[in-house]
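*Asks:* Here you go, one structure.
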6 protein chains.
Amino acid sequence: MFYHIKELQYEAKPCKPDPVMARKMQEILGGQFGEISVALQYLFQGWNTRGNEKYRDLLMDTGTEELAHIEMISTMIARLLDGVEPTTLDEAAKDPLIAAILGGSNPQHLIVSGLGAAPKDSNGVPWNAGYIAASGNLLADFRANLNAESQGRLQVARLYYETNDPGVHDMFSWLLARDTMHQNQWVAAIKELEAQENIVVPSTFPKELERREVSHTLFNFSRGNESAQGRWAHGPSMDEEGVFNYVEHPVPFAPAPVLRPAPPTIFDTPPNMM
Amino acid sequence: MFYHIKELQYEAKPCKPDPVMARKMQEILGGQFGEISVALQYLFQGWNTRGNEKYRDLLMDTGTEELAHIEMISTMIARLLDGVEPTTLDEAAKDPLIAAILGGSNPQHLIVSGLGAAPKDSNGVPWNAGYIAASGNLLADFRANLNAESQGRLQVARLYYETNDPGVHDMFSWLLARDTMHQNQWVAAIKELEAQENIVVPSTFPKELERREVSHTLFNFSRGNESAQGRWAHGPSMDEEGVFNYVEHPVPFAPAPVLRPAPPTIFDTPPNMM
Amino acid sequence: MFYHIKELQYEAKPCKPDPVMARKMQEILGGQFGEISVALQYLFQGWNTRGNEKYRDLLMDTGTEELAHIEMISTMIARLLDGVEPTTLDEAAKDPLIAAILGGSNPQHLIVSGLGAAPKDSNGVPWNAGYIAASGNLLADFRANLNAESQGRLQVARLYYETNDPGVHDMFSWLLARDTMHQNQWVAAIKELEAQENIVVPSTFPKELERREVSHTLFNFSRGNESAQGRWAHGPSMDEEGVFNYVEHPVPFAPAPVLRPAPPTIFDTPPNMM
Amino acid sequence: MFYHIKELQYEAKPCKPDPVMARKMQEILGGQFGEISVALQYLFQGWNTRGNEKYRDLLMDTGTEELAHIEMISTMIARLLDGVEPTTLDEAAKDPLIAAILGGSNPQHLIVSGLGAAPKDSNGVPWNAGYIAASGNLLADFRANLNAESQGRLQVARLYYETNDPGVHDMFSWLLARDTMHQNQWVAAIKELEAQENIVVPSTFPKELERREVSHTLFNFSRGNESAQGRWAHGPSMDEEGVFNYVEHPVPFAPAPVLRPAPPTIFDTPPNMM
Amino acid sequence: MFYHIKELQYEAKPCKPDPVMARKMQEILGGQFGEISVALQYLFQGWNTRGNEKYRDLLMDTGTEELAHIEMISTMIARLLDGVEPTTLDEAAKDPLIAAILGGSNPQHLIVSGLGAAPKDSNGVPWNAGYIAASGNLLADFRANLNAESQGRLQVARLYYETNDPGVHDMFSWLLARDTMHQNQWVAAIKELEAQENIVVPSTFPKELERREVSHTLFNFSRGNESAQGRWAHGPSMDEEGVFNYVEHPVPFAPAPVLRPAPPTIFDTPPNMM
Amino acid sequence: MFYHIKELQYEAKPCKPDPVMARKMQEILGGQFGEISVALQYLFQGWNTRGNEKYRDLLMDTGTEELAHIEMISTMIARLLDGVEPTTLDEAAKDPLIAAILGGSNPQHLIVSGLGAAPKDSNGVPWNAGYIAASGNLLADFRANLNAESQGRLQVARLYYETNDPGVHDMFSWLLARDTMHQNQWVAAIKELEAQENIVVPSTFPKELERREVSHTLFNFSRGNESAQGRWAHGPSMDEEGVFNYVEHPVPFAPAPVLRPAPPTIFDTPPNMM
């Protein structure tokens, strides 16, 4: 169960409105790796955790914090839109600032959300749950989390230089620090699980049921062998269960398939058409 | 540029048709972590790589191999659908096997794709590019890749026990082994980059611009402190740049926001409604 | 900012597993009118509210409660999936119960989420933000909310009869009651605003700018005049600003449009093709 | 069955082209609450109505009118795009008007639709059927309709001030008036049904099966009690079946859930990982 | 502008309910090539036609007819769902017919649409406007139309054998005939335009601006030359402007690309990482 | 199985960066008719072909070539983004070129993909598999292919005039020529199949099961008879199996439907509401 308090986790107040930044900031709210994604990803992972309360608690802690980040960014976007009014093309043609705003802002911020934030990305694509993962396997999922925090912090870092507003920079300094922690924590959790499980997910699948002779092989499918220089092409494998090897000219292991014709009631093209 | 040969990388031939397995197998073809996802994710990452040819080559090698996996699974699905014919409810009501097939198969395999595979998941949801990432930052992206291979191998492992067909098992043994390698290789590549860059993405963002006092802090937002037992709550941080600390009772750092009213031409609810 | 406690708002424990009910219950979690929709709809409306703290608080209260409902239903789904194992078609063909489960359950519950809930509907379609509204106009949005609670309670009522599990019924009895309250509260809030604003949204748009002669007219575009019997076809209009009238044979007010040809560089079909 | 006449319901002719307005106007054509939404929503509700011919007729009347609105707006968009030609960045850099158009218009209007309207919103997101509702319960659905007309009229009102073209204003004056009527008519229909059914949907679900003690309770989940001032927190409930009450400090009714481990073939993280 | 009459274009009445057929029939209503697709595709093409009234009229005629087909199929689906009631898993386990229905029907038909049709496909995926095309170039669009009618009739033909209900067969006999006509008419219209424009769309693009030496060349990118046997590999080209030729071993025309590093503020991986 | 070589099929190098063109060019990469669509459409059709090796080979040849086109356009987009840096609104307001870029470029090219291409269209909508068709019926599918190549070449032709960069023009000259060939080859393949199968898909469905009396009838549903002037309204039908006829005043063939009430547990609105 959740409680809300009206205070913000951290200040989210720009020095002045900027509807173009409002549009761009939607990316870290409702984009693929925005705050909605991490909040719901962690919460669903937490709710699906079966019997590892320490990890479940960590997931719920962090997912709940991300709800506060959704709130902060939504508040920031609303303030970046303070006082925005409808604009005609004629006005835009006369004033470069208005022209820049007309082109760079999101028309839905005015028409649809009435100067509020929306659960969409910087191009107006609605957030969808195909962005997130909660598999029941924590090592897999913590890797999803580490990826999400890496992509998310990268986006904030890029956005940082798209504004010189000290208020926006201040909020970004908070988000960047929290993403630093979150990357650290998922790395820590991953290391713990890898120490117990080995690195290959899922670790409990019987090895004899996989084709072990190609479990540590790099096939060189892109002609030229720059990739042979990598750690992945020689030496002991990272799972310490084999030795990496490199196949310069990979060959197929099975013949070309020929499919049987479909029954007539399927109305596929009959075989042996001229 | 690409060349195709008609031979398969590995055999994809079931011992007998099974339209229910055909449906389920769509998950690892056109699902969030199916072969279309990894193929296009690696290829786009490769095409976007700026000046690190070794990694670009590795991405192109693996992306090209994944195209062969799309081909193998598509072929397997088509063969699992061999000879399937239209069924009426009356027939299903009389024969438990037909009833099981009616319920467990995908009606589009017959009506839409004419006994062929489709670029959709096991529930018929079309694949979309919101599943994949290619950010230009290789450490972030290799983490996306490690996640994708972890989730993907997990799904194949689960599917393994949903059939007892030796032909399907044989193809799975190949895919499981290749996913073992791919997890190994992304771990290797990640370690290489982490060794040069530190673990926090992006590593070159100036530290003084983030709020360092909360860069290694775990906020306990889910009451109860099971999460305090983790490595992430004490000791040196994983990035070796601080010490983890745990805040049992996190407090807000900013007051409750109050937004300014919108201009009248926005037609938001005016302030001070009763 | 949010806090989480580990206790549930209300019990979410079935008497026994039922993977078919687990699938169906996804509708009220991640469907168009599921708990994710209401939670995010109310929270975004709250964050976007400009200067009406009473309504903002009501929105935050209710949105926060809906987060607890997401949690309850996710927990219920996980428990309905307790102990589910992979199944082959052969097994299903022999046992009607297994056949029924095979057909009626969601394959992703096993393959993708590992016996956990997913932010998707009962057909596996991912939740997306196109389902929700937050316009900045509270009267419009409270109508969206009343609709969402009506559709949502309707779906729970229908689901009630798809199970005879007392534990599931118990949780439904809670959700039904809360939806009763939420319908009541949005009706109350709507009446308050309508009393101040009149019923037509937005109420502050200048009336002289609309074509008043058709502001209270029902055009009979579906031949036959059953619709003339309704309150909307005669008597004073609901906004008390006119009188309803009924046009039995509506006619067009403008000629057929003819569009100008496109410039040659657009490569539309040139005009006057034979 | 439908017939089409080539005349427009109302004139849709701008005084001069404006590709930026063409883009923005897509919102009320193919956006969440655009004309495609209301047309298909009413028609599907009509086709699904079981045995209430008066309401079915009203739905078909209005749905059919909305088809004419799709036509009018599509025509208006095509005319706003009259004569638009491809533009290079160099040209845009020299002329503020061209720069404003380059930024504010939709590139697909030229590249994809050849100066025609598209069934997409103002950001180019394709219309999808997840926007609409047709539940078979008319009171629920009429509330969906009232919401749609409220959001739709709000958007037209906002767009009104984004242009000073008298031709566009003229068409908007029609749409605003029709939305006034449609809000009026759904209010009328809702009142009729509420008078017979009470306000809680569905009205026929047995009350004894819901947890009546919380059917009229507001839980204060967002700290601070501004929401206690509302009509929803005291006095008789709107359904006249209870008395509103306000719980300032809501508590959970169930313990923290602990989920059972998954079977080994699911490959979730085993319990009791360190 | 449109008018509706309450009569159906053709009868849509099954002999008895069949919720499994109701689910499957959704494919030709709300699937990629269902009636919603052709209706909106033709209408948007018609509204976007600039100055060729004969074709515009044909498009409006056919688009309007397709609205009647949406109506017929929606009616049929509602009747196939007549009297369907909620079912528990226990009941399904006891009766093979109920088990077959449980598995083969769409749970949303009961929970969401209340025994009505929905604008979704046979797997419950909502219709979206990414399915349709209206480019302003009629030859391109008529080819889209011919494709849609071919795929659509194919699906009806396949569905025909999934039922033995004479009422359903009767409606299908109508739809199949209409699709026969529609394929005929688009072929006729295509031939007319091809006779005037040549076959390559767009026909008015200056030929000297394309790389004519590869305008009639088949590159053999899939090893083995079965494709050399086709008409496309030899003889005069279909546009009568060249001669087909076949390149057995295609080679690249450009070197491998090497991208320049990104500026530091983009935070891509720096070049020359080890 | 596939092999990749690092050389490009054709040069993809602009003379100078242009982030606005980079955005627009996304349409032909990740849009409805972009290169991802044709690549995956042809490959899936090839993999689903049952027993017509000549056509399968042609599909694999062309699908594999389209992979090279994805690569070329992705490379071109990356180069059009060379050196792009973050921009503030203040800068844009001062320099018309920067304003034009701010408005006309895609913010995700900087924030999300780090100056790389993305599998999305020119408005940032992710590619999805609902764009493509692979039905198992080759005549239907080749028509889909001819449509895709027609729409695709049309879009490139339109884009040609949106730039004056000789490098971009050079790549377009290649794509235009290849699309010329691909239109030619699908026309050739279609003619071959039509010669054997007649023009109506599917050709093997028993004619006596369709309502032949309306198989060659044009219903004039849009008042006015411009469409009567077409070839489709008179003379022998294109399938040579009938004579076209024109019905000026089409009438319905079935009465208005009245649906039966739903069972009480469905909670639809009961019949005979006032």
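Numbering starts fresh at 1 for the residues of each chain in the structure tokens, the chains themselves are lettered A, B, ... in the order given, and ligands are numbered from 1 as they appear.
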Just need the residues of chain C within 9 Å of chain F, counting only C-alpha atoms, so spit them out as a PDB file with N, CA, C and O atoms, in the first residue's frame.
*Replies:*
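That gives us selection31.pdb:
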```pdb
ATOM      1  N   LEU C 154     -17.961  -2.362 -13.941  1.00  0.00           N
ATOM      2  CA  LEU C 154     -18.702  -3.272 -14.819  1.00  0.00           C
ATOM      3  C   LEU C 154     -17.872  -4.519 -15.113  1.00  0.00           C
ATOM      4  O   LEU C 154     -18.376  -5.648 -15.083  1.00  0.00           O
ATOM      5  N   ALA C 157     -17.677  -6.749 -12.075  1.00  0.00           N
ATOM      6  CA  ALA C 157     -18.964  -7.443 -11.886  1.00  0.00           C
ATOM      7  C   ALA C 157     -19.084  -8.648 -12.815  1.00  0.00           C
ATOM      8  O   ALA C 157     -19.561  -9.718 -12.430  1.00  0.00           O
ATOM      9  N   ARG C 158     -18.637  -8.456 -14.051  1.00  0.00           N
ATOM     10  CA  ARG C 158     -18.704  -9.579 -15.001  1.00  0.00           C
ATOM     11  C   ARG C 158     -17.736 -10.695 -14.605  1.00  0.00           C
ATOM     12  O   ARG C 158     -18.050 -11.881 -14.727  1.00  0.00           O
ATOM     13  N   TYR C 160     -16.828 -11.463 -11.714  1.00  0.00           N
ATOM     14  CA  TYR C 160     -17.287 -12.110 -10.481  1.00  0.00           C
ATOM     15  C   TYR C 160     -17.899 -13.482 -10.768  1.00  0.00           C
ATOM     16  O   TYR C 160     -17.682 -14.441 -10.031  1.00  0.00           O
ATOM     17  N   TYR C 161     -18.642 -13.544 -11.859  1.00  0.00           N
ATOM     18  CA  TYR C 161     -19.356 -14.787 -12.168  1.00  0.00           C
ATOM     19  C   TYR C 161     -18.513 -15.767 -12.972  1.00  0.00           C
ATOM     20  O   TYR C 161     -18.979 -16.831 -13.334  1.00  0.00           O
ATOM     21  N   GLY C 230     -36.637  10.812 -27.361  1.00  0.00           N
ATOM     22  CA  GLY C 230     -35.797  11.058 -26.188  1.00  0.00           C
ATOM     23  C   GLY C 230     -35.912  12.489 -25.696  1.00  0.00           C
ATOM     24  O   GLY C 230     -36.346  13.397 -26.410  1.00  0.00           O
ATOM     25  N   THR C 265       6.069  18.444 -57.919  1.00  0.00           N
ATOM     26  CA  THR C 265       7.080  17.775 -57.088  1.00  0.00           C
ATOM     27  C   THR C 265       6.482  16.935 -55.967  1.00  0.00           C
ATOM     28  O   THR C 265       7.210  16.294 -55.212  1.00  0.00           O
ATOM     29  N   ILE C 266       5.164  16.947 -55.855  1.00  0.00           N
ATOM     30  CA  ILE C 266       4.504  16.085 -54.869  1.00  0.00           C
ATOM     31  C   ILE C 266       4.190  14.718 -55.462  1.00  0.00           C
ATOM     32  O   ILE C 266       3.998  13.743 -54.750  1.00  0.00           O
ATOM     33  N   PHE C 267       4.125  14.638 -56.785  1.00  0.00           N
ATOM     34  CA  PHE C 267       3.888  13.366 -57.475  1.00  0.00           C
ATOM     35  C   PHE C 267       2.570  12.700 -57.104  1.00  0.00           C
ATOM     36  O   PHE C 267       2.468  11.478 -57.080  1.00  0.00           O
ATOM     37  N   ASP C 268       1.588  13.525 -56.768  1.00  0.00           N
ATOM     38  CA  ASP C 268       0.226  12.995 -56.720  1.00  0.00           C
ATOM     39  C   ASP C 268      -0.217  12.686 -58.160  1.00  0.00           C
ATOM     40  O   ASP C 268       0.379  13.169 -59.127  1.00  0.00           O
ATOM     41  N   MET C 274      -7.730  10.121 -67.416  1.00  0.00           N
ATOM     42  CA  MET C 274      -8.921   9.653 -68.139  1.00  0.00           C
ATOM     43  C   MET C 274      -9.854   8.862 -67.227  1.00  0.00           C
ATOM     44  O   MET C 274      -9.467   7.924 -66.599  1.00  0.00           O
TER      45      MET C 274
END
```
*Asks:* So that I can see what lies close to Glu7 of chain F, please list as a ChimeraX atom specification the residues with an atom at most 10 Å from it, counting only C-alpha atoms and leaving out residues fewer than 4 positions away in the same chain.
*Replies:* /A:223 /B:1-2 /E:251-257 /F:11,68,72
*Asks:* Leaving out Asn198 of chain E and any residue of its chain fewer than 3 positions from it, which residues lie within 12 Å of it when counting only C-alpha atoms, given as an mmCIF file with N, CA, C and O atoms, in the first residue's frame?
*Replies:*
```cif
data_model
loop_
_atom_site.group_PDB
_atom_site.id
_atom_site.type_symbol
_atom_site.label_atom_id
_atom_site.label_comp_id
_atom_site.auth_asym_id
_atom_site.auth_seq_id
_atom_site.Cartn_x
_atom_site.Cartn_y
_atom_site.Cartn_z
ATOM 1 N N LEU E 139 -2.390 5.529 -58.441
ATOM 2 C CA LEU E 139 -1.901 4.227 -58.901
ATOM 3 C C LEU E 139 -1.289 3.462 -57.721
ATOM 4 O O LEU E 139 -1.574 2.269 -57.526
ATOM 5 N N ILE E 190 -6.485 0.253 -62.118
ATOM 6 C CA ILE E 190 -5.028 0.206 -62.254
ATOM 7 C C ILE E 190 -4.643 0.164 -63.731
ATOM 8 O O ILE E 190 -3.735 0.874 -64.175
ATOM 9 N N LYS E 191 -5.326 -0.662 -64.481
ATOM 10 C CA LYS E 191 -5.000 -0.768 -65.912
ATOM 11 C C LYS E 191 -5.182 0.565 -66.619
ATOM 12 O O LYS E 191 -4.385 0.942 -67.490
ATOM 13 N N GLU E 192 -6.248 1.252 -66.278
ATOM 14 C CA GLU E 192 -6.476 2.567 -66.873
ATOM 15 C C GLU E 192 -5.317 3.523 -66.596
ATOM 16 O O GLU E 192 -4.813 4.182 -67.498
ATOM 17 N N LEU E 193 -4.910 3.559 -65.339
ATOM 18 C CA LEU E 193 -3.829 4.474 -64.977
ATOM 19 C C LEU E 193 -2.496 4.021 -65.561
ATOM 20 O O LEU E 193 -1.709 4.839 -66.030
ATOM 21 N N GLU E 194 -2.249 2.722 -65.538
ATOM 22 C CA GLU E 194 -0.989 2.230 -66.104
ATOM 23 C C GLU E 194 -0.904 2.537 -67.597
ATOM 24 O O GLU E 194 0.175 2.813 -68.125
ATOM 25 N N ALA E 195 -2.057 2.482 -68.252
ATOM 26 C CA ALA E 195 -2.057 2.773 -69.699
ATOM 27 C C ALA E 195 -1.637 4.212 -69.958
ATOM 28 O O ALA E 195 -1.010 4.517 -70.984
ATOM 29 N N VAL E 201 5.573 3.749 -60.412
ATOM 30 C CA VAL E 201 5.098 4.878 -59.601
ATOM 31 C C VAL E 201 6.286 5.555 -58.946
ATOM 32 O O VAL E 201 7.150 4.861 -58.393
ATOM 33 N N PRO E 202 6.386 6.869 -58.892
ATOM 34 C CA PRO E 202 5.561 7.795 -59.656
ATOM 35 C C PRO E 202 6.097 7.910 -61.077
ATOM 36 O O PRO E 202 7.309 7.918 -61.280
ATOM 37 N N SER E 203 5.210 8.035 -62.013
ATOM 38 C CA SER E 203 5.619 7.986 -63.426
ATOM 39 C C SER E 203 6.254 9.285 -63.893
ATOM 40 O O SER E 203 6.929 9.311 -64.911
ATOM 41 N N THR E 204 6.026 10.364 -63.153
ATOM 42 C CA THR E 204 6.502 11.662 -63.634
ATOM 43 C C THR E 204 7.861 12.066 -63.067
ATOM 44 O O THR E 204 8.362 13.139 -63.379
ATOM 45 N N PHE E 205 8.446 11.214 -62.249
ATOM 46 C CA PHE E 205 9.782 11.558 -61.750
ATOM 47 C C PHE E 205 10.785 11.435 -62.896
ATOM 48 O O PHE E 205 10.780 10.430 -63.618
ATOM 49 N N SER E 237 11.876 -5.460 -70.048
ATOM 50 C CA SER E 237 11.275 -5.176 -68.741
ATOM 51 C C SER E 237 9.793 -4.873 -68.896
ATOM 52 O O SER E 237 9.323 -4.526 -69.989
ATOM 53 N N MET E 238 9.052 -4.989 -67.826
ATOM 54 C CA MET E 238 7.603 -4.798 -67.877
ATOM 55 C C MET E 238 7.244 -3.351 -68.206
ATOM 56 O O MET E 238 6.166 -3.087 -68.735
ATOM 57 N N ASP E 239 8.107 -2.432 -67.876
ATOM 58 C CA ASP E 239 7.825 -1.023 -68.190
ATOM 59 C C ASP E 239 8.241 -0.690 -69.625
ATOM 60 O O ASP E 239 8.146 0.456 -70.042
ATOM 61 N N GLU E 240 8.766 -1.687 -70.336
ATOM 62 C CA GLU E 240 9.143 -1.538 -71.753
ATOM 63 C C GLU E 240 10.201 -0.462 -71.933
ATOM 64 O O GLU E 240 10.316 0.149 -72.991
ATOM 65 N N GLU E 241 10.977 -0.248 -70.917
ATOM 66 C CA GLU E 241 12.017 0.776 -71.011
ATOM 67 C C GLU E 241 13.405 0.185 -70.861
ATOM 68 O O GLU E 241 14.383 0.928 -70.738
ATOM 69 N N THR F 180 12.452 0.964 -59.088
ATOM 70 C CA THR F 180 11.959 0.729 -60.453
ATOM 71 C C THR F 180 12.040 -0.754 -60.789
ATOM 72 O O THR F 180 11.074 -1.363 -61.274
ATOM 73 N N GLN F 183 9.485 -2.770 -58.678
ATOM 74 C CA GLN F 183 8.123 -2.691 -59.228
ATOM 75 C C GLN F 183 8.020 -3.575 -60.468
ATOM 76 O O GLN F 183 7.058 -4.317 -60.642
ATOM 77 N N ASN F 184 9.020 -3.483 -61.318
ATOM 78 C CA ASN F 184 9.019 -4.325 -62.527
ATOM 79 C C ASN F 184 8.943 -5.810 -62.177
ATOM 80 O O ASN F 184 8.202 -6.567 -62.795
ATOM 81 N N VAL F 187 5.550 -6.887 -60.821
ATOM 82 C CA VAL F 187 4.581 -6.921 -61.926
ATOM 83 C C VAL F 187 4.774 -8.200 -62.746
ATOM 84 O O VAL F 187 3.804 -8.891 -63.091
#
```
*Asks:* Please return, as a PyMOL selection string, all residues of segment 121-153 of chain A that DSSP assigns to helix (DSSP H, G or I) on the basis of the backbone.
*Replies:* chain A and resi 129-131+138-153
*Asks:* Enter the distance from atom CA of Ala39 of chain A to atom CA of Ile132 of chain C, in Å, rounded to one decimal.
*Replies:*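 We find that atom CA of Ala39 of chain A and atom CA of Ile132 of chain C lie 17.8 Å from each other.
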*Asks:* Among segment 71-272 of chain E, which ones does DSSP assign to strand (DSSP E or B) (computed from the backbone)? Answer as a VMD selection string.
*Replies:* chain E and resid 120 126 128 217 to 219 222 236 243 245 to 247 254
*Asks:* Give me the residues near segment 120-129 of chain B as a ChimeraX atom specification, where near means some atom within 8 Å (using only C-alpha atoms) and where sequence neighbours in that chain fewer than 3 positions away do not count.
*Replies:* /B:23-32,36-37,106,108,132 /C:106-108,123-125 /E:123,125 /F:119-120,126-130
*Asks:* If you keep N, CA, C and O atoms, can you produce a file of those selected residues as a compact mmCIF listing (two decimals), in the first residue's frame?
*Replies:*
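Output contents, as saved in selection.txt:
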```txt
# COMPACT_ATOMS: atom_id res chain seq x y z
N ARG B 23 2.35 -21.62 -31.71
CA ARG B 23 1.93 -20.35 -31.12
C ARG B 23 2.91 -19.89 -30.04
O ARG B 23 3.33 -18.74 -30.03
N LYS B 24 3.25 -20.79 -29.14
CA LYS B 24 4.14 -20.40 -28.05
C LYS B 24 5.51 -19.96 -28.57
O LYS B 24 6.13 -19.05 -28.02
N MET B 25 5.96 -20.64 -29.60
CA MET B 25 7.30 -20.33 -30.12
C MET B 25 7.38 -18.94 -30.74
O MET B 25 8.46 -18.37 -30.89
N GLN B 26 6.23 -18.38 -31.10
CA GLN B 26 6.22 -17.00 -31.60
C GLN B 26 6.87 -16.04 -30.59
O GLN B 26 7.42 -15.02 -30.98
N GLU B 27 6.81 -16.40 -29.31
CA GLU B 27 7.37 -15.49 -28.31
C GLU B 27 8.85 -15.23 -28.54
O GLU B 27 9.32 -14.10 -28.41
N ILE B 28 9.58 -16.29 -28.90
CA ILE B 28 11.04 -16.11 -29.07
C ILE B 28 11.39 -15.67 -30.49
O ILE B 28 12.55 -15.47 -30.81
N LEU B 29 10.39 -15.52 -31.32
CA LEU B 29 10.59 -14.94 -32.65
C LEU B 29 10.26 -13.45 -32.64
O LEU B 29 11.11 -12.62 -32.93
N GLY B 30 8.99 -13.16 -32.29
CA GLY B 30 8.53 -11.79 -32.43
C GLY B 30 8.13 -11.12 -31.13
O GLY B 30 7.51 -10.07 -31.14
N GLY B 31 8.52 -11.71 -30.01
CA GLY B 31 8.24 -11.11 -28.71
C GLY B 31 9.28 -10.06 -28.34
O GLY B 31 10.22 -9.80 -29.09
N GLN B 32 9.08 -9.49 -27.14
CA GLN B 32 9.95 -8.40 -26.68
C GLN B 32 11.43 -8.79 -26.73
O GLN B 32 12.29 -7.98 -27.09
N ILE B 36 13.90 -11.25 -33.53
CA ILE B 36 13.83 -9.99 -34.29
C ILE B 36 14.44 -8.87 -33.45
O ILE B 36 15.19 -8.04 -33.96
N SER B 37 14.15 -8.88 -32.16
CA SER B 37 14.68 -7.84 -31.28
C SER B 37 16.20 -7.85 -31.26
O SER B 37 16.86 -6.82 -31.42
N ASN B 106 -3.02 -20.27 -32.32
CA ASN B 106 -3.26 -18.89 -32.71
C ASN B 106 -4.11 -18.87 -33.97
O ASN B 106 -3.65 -19.33 -35.02
N GLN B 108 -4.70 -16.74 -36.09
CA GLN B 108 -4.07 -16.04 -37.22
C GLN B 108 -3.11 -16.95 -38.00
O GLN B 108 -2.84 -16.68 -39.16
N ILE B 132 13.67 -2.16 -28.58
CA ILE B 132 15.13 -2.23 -28.72
C ILE B 132 15.82 -0.90 -28.45
O ILE B 132 15.20 0.17 -28.45
N ASN C 106 -2.77 -17.71 -20.38
CA ASN C 106 -1.90 -16.85 -21.19
C ASN C 106 -0.51 -17.44 -21.22
O ASN C 106 0.14 -17.53 -20.17
N PRO C 107 -0.01 -17.85 -22.40
CA PRO C 107 1.30 -18.52 -22.41
C PRO C 107 2.42 -17.63 -21.87
O PRO C 107 3.42 -18.14 -21.36
N GLN C 108 2.26 -16.33 -21.94
CA GLN C 108 3.30 -15.44 -21.43
C GLN C 108 3.42 -15.50 -19.90
O GLN C 108 4.47 -15.17 -19.37
N ASN C 123 -5.80 -10.19 -23.18
CA ASN C 123 -5.30 -10.79 -24.42
C ASN C 123 -3.82 -10.55 -24.62
O ASN C 123 -3.29 -10.80 -25.71
N GLY C 124 -3.15 -10.04 -23.60
CA GLY C 124 -1.71 -9.85 -23.70
C GLY C 124 -1.28 -8.58 -24.42
O GLY C 124 -0.10 -8.42 -24.74
N VAL C 125 -2.20 -7.65 -24.63
CA VAL C 125 -1.84 -6.38 -25.26
C VAL C 125 -1.27 -5.45 -24.19
O VAL C 125 -1.94 -5.20 -23.17
N ASN E 123 -6.93 -11.76 -32.21
CA ASN E 123 -6.17 -11.91 -30.98
C ASN E 123 -6.36 -10.75 -30.02
O ASN E 123 -5.63 -10.63 -29.03
N VAL E 125 -5.92 -7.51 -30.62
CA VAL E 125 -5.07 -6.35 -30.85
C VAL E 125 -5.91 -5.24 -31.49
O VAL E 125 -6.53 -5.46 -32.53
N PRO F 119 14.96 2.81 -35.63
CA PRO F 119 13.94 2.09 -36.41
C PRO F 119 12.55 2.70 -36.21
O PRO F 119 11.63 2.05 -35.75
N LYS F 120 12.43 3.98 -36.57
CA LYS F 120 11.20 4.74 -36.39
C LYS F 120 10.95 5.58 -37.63
O LYS F 120 11.84 5.75 -38.45
N PRO F 126 7.68 4.26 -33.55
CA PRO F 126 8.44 3.03 -33.77
C PRO F 126 7.84 2.15 -34.87
O PRO F 126 6.61 2.02 -34.95
N TRP F 127 8.71 1.54 -35.66
CA TRP F 127 8.26 0.56 -36.66
C TRP F 127 7.52 -0.57 -35.95
O TRP F 127 7.92 -0.98 -34.86
N ASN F 128 6.44 -1.08 -36.58
CA ASN F 128 5.81 -2.26 -36.02
C ASN F 128 5.36 -3.20 -37.12
O ASN F 128 5.14 -2.80 -38.26
N ALA F 129 5.23 -4.47 -36.73
CA ALA F 129 5.00 -5.51 -37.72
C ALA F 129 3.59 -5.51 -38.28
O ALA F 129 3.29 -6.28 -39.19
N GLY F 130 2.73 -4.64 -37.77
CA GLY F 130 1.41 -4.48 -38.38
C GLY F 130 1.48 -3.86 -39.76
O GLY F 130 0.48 -3.82 -40.48
```
*Asks:* Give me the residues near segment 98-102 of chain D as a list in words, where near means some atom within 8 Å (using only C-alpha atoms) and where sequence neighbours in that chain fewer than 4 positions away do not count.
*Replies:*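 The contact residues come out as Leu89, Ala92, Ala93, Ala99, Ala100, Leu102 and Gly103 of chain A; Pro19, Val20, Thr87, Glu91, Ala92, Ala93 and Lys94 of chain D; Pro96, Leu97, Ala99, Ala100, Gly103 and Gly104 of chain F.
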